[in-house]
Amino acid sequence: MELLVVQRAPARRLLASAALLALLVGCSVKPEPVPDEDRFARIATDRTALHAIAPAPAGPITPDEAIARAIKYNLDHRLAQMEMAVQGAQLDLARFDMLPRLAANAGYNIRSNENASSSVSVLTRRQSLEPSTSSDRAHGVASLTFSWNILDFGVSYYQAKQQANRSLVAEERRRRVLNALVQELRGAYWQAFAAQRLTAKLDPVLADAEKALVMAEKLEQERLRAPEEALRYQKSLLELTRQLRQLRTEAYVARARLGALMGFAPGTIFKLDPGVATLAVTPQLGKPNELETIALYWRPELREEDYQARIARAEITKAELRMLPGLSLESSYNYDTNSFLVNQNWAEAGARATWNLIGLLSGPTSIDLAEAQVNVTEARRLALTMAVITQVNIAWLQFRETAQQYAEASKLQRVEEKLYQNVSNAAAVDAESQLEKIRAATAALAAEFKRDRTYADYQSAIGGVAASVGANPVPDDVDASDLGALTKAVAATSARWSRGEFVAPGLAAIPAGAPVLAEAQAPALAPAEARRPVIAEAPAPRPARVAKAETSASRWFVQVGYFAEQRNIEKLKQALDAQGPLETTQTKLGGRDVTQLRAGPFTDAGAARTALAAARHNGAGDAALVRQ
């Protein structure tokens, strides 16, 4: 007995020591703020990293190069790219979850005494076998186990599909960041260029104003002019000086903002050169209803919602799978050094079925929750669709208005420049004429700066239209690490955008079986009206004949849409057969063979509107009335 106590005591002390150590470690954790030396080290490291992000340019920067630099060096875009890479890595990890489990185990067991046992008779309760052992005090074990749960495989498969969609969501979020970045940079570039042109002209005028102000103060002190007149003169000069300094401040801010967008560290010196003698204006960027169609196909937010809908629907399938019984298949190869074993290595195989009965109770609730999430996704997509259509129309209106504002600002600048030339030519050496000259020079500078700022707003409006339709500034296959290749790709894209082509040819092909929106006439003053049913007239009536629009001579048609698959046409034919005659016409749209479906003609406008409502009720949401 004494030997047994001596052998157990070290084991007990070891366990007690381990428990005490774990308790002490757990109680020692407490909040610790970051030390100041670590913060200062982080500041130094970050400053060094910021200066190393984007190298200083070797020459003047063009608008296309500025966008290319932003794509390559902008930190927000880099962050979006890294998040996309993380989602891709998680997808690679999710694929491994679908594989069977293959586990290798090895161990060593030792005990302080014999693993002995005896037997007792069930009938007499007397010992029937003296104590014996069939195990060594110390022995090693090893095994290689293969297991596969079919239910877990099914769940992991849909989890991997969800992660694949999340990686696509990350790509669309990167596109959204890039679109917003390009829009902001287009305006920032031309604002900075306006500031660059202003600075060269502003300093001489500011120097003349400050010199005139010193002279005016001297005249007041020497009482060479009436006090009230001298003070008014100083007030005018001070207001002009303040206005000039405000223009210079705006110039500095515009350059700093552009440099940050291109990834330059604060203080980096760069020069801008758009390479054009005059600031050109694009007359038209397409019709709102055409832009809406492109936006509904390409906007990153809507494409992201398509993937979110897939994720939500996969969650329903996962909830249904978890209600099923699980079947596990197992096989292993084992080894044991126990000398008492007849077979020290052996193989095993088996199958096991398990069914979580509690999961049957919670399963319907999980399915209801997943279906509710699908409904939320659909509602969010519809809300986003309305927001996208509104943004497209607003962006189109802003483009049109900024183009008009730029034309007016250009006229005003030319007038102010002529006034300044007239005043400058007629100026004498007296103080009053000098004040008028400075005032005219300040007004001319302000008008020129406003014209250039308006042109910057116009360029930003073009970027706003491009962002509202989700246009890619560069193709996805362009090497983002090559600044020269990026610049060329951006130049090609900018040329297309200036022509109103926001999607490269072939990228917006009509999916098979999808109806095509009928082209409608863009409104002249209210882009938001493009979403209402369009009444196209052929030929267009003169204003004096508007009163005859609903006479018996008019013929009305319901333009149902264009279709690429016959089954969609047959479905609508069955739904619209009771409304009147139907006609189909083979045509080409976007290089594809499509079928045009129309209902009519109707001689009564009320009957035509009834057919229009029936068409929309049966899925032709883009149906429109056409009068001939």
# chains A, B, ... in the order shown; residues from 1 in each chain; ligands from 1
>>> residues_around(residues="Ser134 in chain A", least_positions_apart="3", cutoff="8 Å", atoms="only C-alpha atoms", output="list in words")
Asn115, Ala116, Phe340 and Leu341 of chain A
>>> write_last_selection(atoms="C-alpha atoms", output="PDB file, in the first residue's frame")
ATOM      1  CA  ASN A 115      -4.606  -2.425 -15.723  1.00  0.00           C
ATOM      2  CA  ALA A 116      -5.949  -5.559 -14.002  1.00  0.00           C
ATOM      3  CA  PHE A 340      -0.917  -8.831 -25.049  1.00  0.00           C
ATOM      4  CA  LEU A 341      -2.753  -8.279 -28.356  1.00  0.00           C
TER       5      LEU A 341
END
>>> atom_distance(atom1="CA of Gly363 in chain A", atom2="CA of Val155 in chain A")
14.0 Å
>>> residues_around(residues="Ala142 in chain A", least_positions_apart="6", cutoff="8 Å", atoms="only C-alpha atoms", output="list in words")
Ala104, Asn105, Ala106, Gly107, Asn334, Tyr335 and Asp336 of chain A
>>> write_last_selection(atoms="all heavy atoms", output="short mmCIF file (atom, residue, chain, number, x, y, z; two decimals), in the first residue's frame")
data_model
loop_
_atom_site.label_atom_id
_atom_site.label_comp_id
_atom_site.auth_asym_id
_atom_site.auth_seq_id
_atom_site.Cartn_x
_atom_site.Cartn_y
_atom_site.Cartn_z
N ALA A 104 -4.95 11.30 -39.00
CA ALA A 104 -3.87 10.43 -38.49
C ALA A 104 -3.71 10.71 -37.00
O ALA A 104 -3.60 11.87 -36.58
CB ALA A 104 -2.57 10.71 -39.23
N ASN A 105 -3.70 9.66 -36.19
CA ASN A 105 -3.59 9.79 -34.74
C ASN A 105 -2.42 8.94 -34.25
O ASN A 105 -2.16 7.84 -34.77
CB ASN A 105 -4.88 9.33 -34.05
CG ASN A 105 -6.09 10.13 -34.50
OD1 ASN A 105 -6.25 11.27 -34.12
ND2 ASN A 105 -6.92 9.53 -35.34
N ALA A 106 -1.78 9.43 -33.25
CA ALA A 106 -0.69 8.69 -32.60
C ALA A 106 -0.65 9.10 -31.14
O ALA A 106 -0.95 10.25 -30.80
CB ALA A 106 0.65 8.95 -33.28
N GLY A 107 -0.33 8.16 -30.26
CA GLY A 107 -0.28 8.47 -28.84
C GLY A 107 0.52 7.44 -28.05
O GLY A 107 0.93 6.39 -28.58
N ASN A 334 -5.42 0.67 -37.83
CA ASN A 334 -4.99 0.91 -36.45
C ASN A 334 -3.75 0.07 -36.12
O ASN A 334 -3.54 -1.03 -36.65
CB ASN A 334 -6.12 0.55 -35.47
CG ASN A 334 -7.42 1.23 -35.85
OD1 ASN A 334 -7.68 2.36 -35.46
ND2 ASN A 334 -8.26 0.54 -36.61
N TYR A 335 -2.99 0.59 -35.17
CA TYR A 335 -1.80 -0.11 -34.69
C TYR A 335 -1.66 0.15 -33.20
O TYR A 335 -1.87 1.28 -32.73
CB TYR A 335 -0.54 0.37 -35.43
CG TYR A 335 0.73 -0.25 -34.89
CD1 TYR A 335 1.05 -1.58 -35.17
CD2 TYR A 335 1.59 0.49 -34.09
CE1 TYR A 335 2.21 -2.16 -34.67
CE2 TYR A 335 2.76 -0.07 -33.60
CZ TYR A 335 3.06 -1.39 -33.88
OH TYR A 335 4.20 -1.96 -33.38
N ASP A 336 -1.32 -0.91 -32.44
CA ASP A 336 -1.16 -0.80 -30.99
C ASP A 336 0.03 -1.67 -30.58
O ASP A 336 0.13 -2.84 -30.97
CB ASP A 336 -2.44 -1.26 -30.27
CG ASP A 336 -2.48 -0.83 -28.82
OD1 ASP A 336 -1.41 -0.73 -28.19
OD2 ASP A 336 -3.59 -0.58 -28.31
#
>>> closest_atom_pairs(of="range 65-88 of chain A", to="range 49-54 of chain A", cutoff="9 Å", atoms="only C-alpha atoms", output="tab-separated table")
residue	atom	partner	partner_atom	distance
A:Arg69	CA	A:Ala54	CA	8.1
A:Lys72	CA	A:Ala54	CA	8.7
A:Tyr73	CA	A:Ala54	CA	6.0
A:Asn74	CA	A:Ala54	CA	8.7
A:Leu75	CA	A:Ile53	CA	8.8
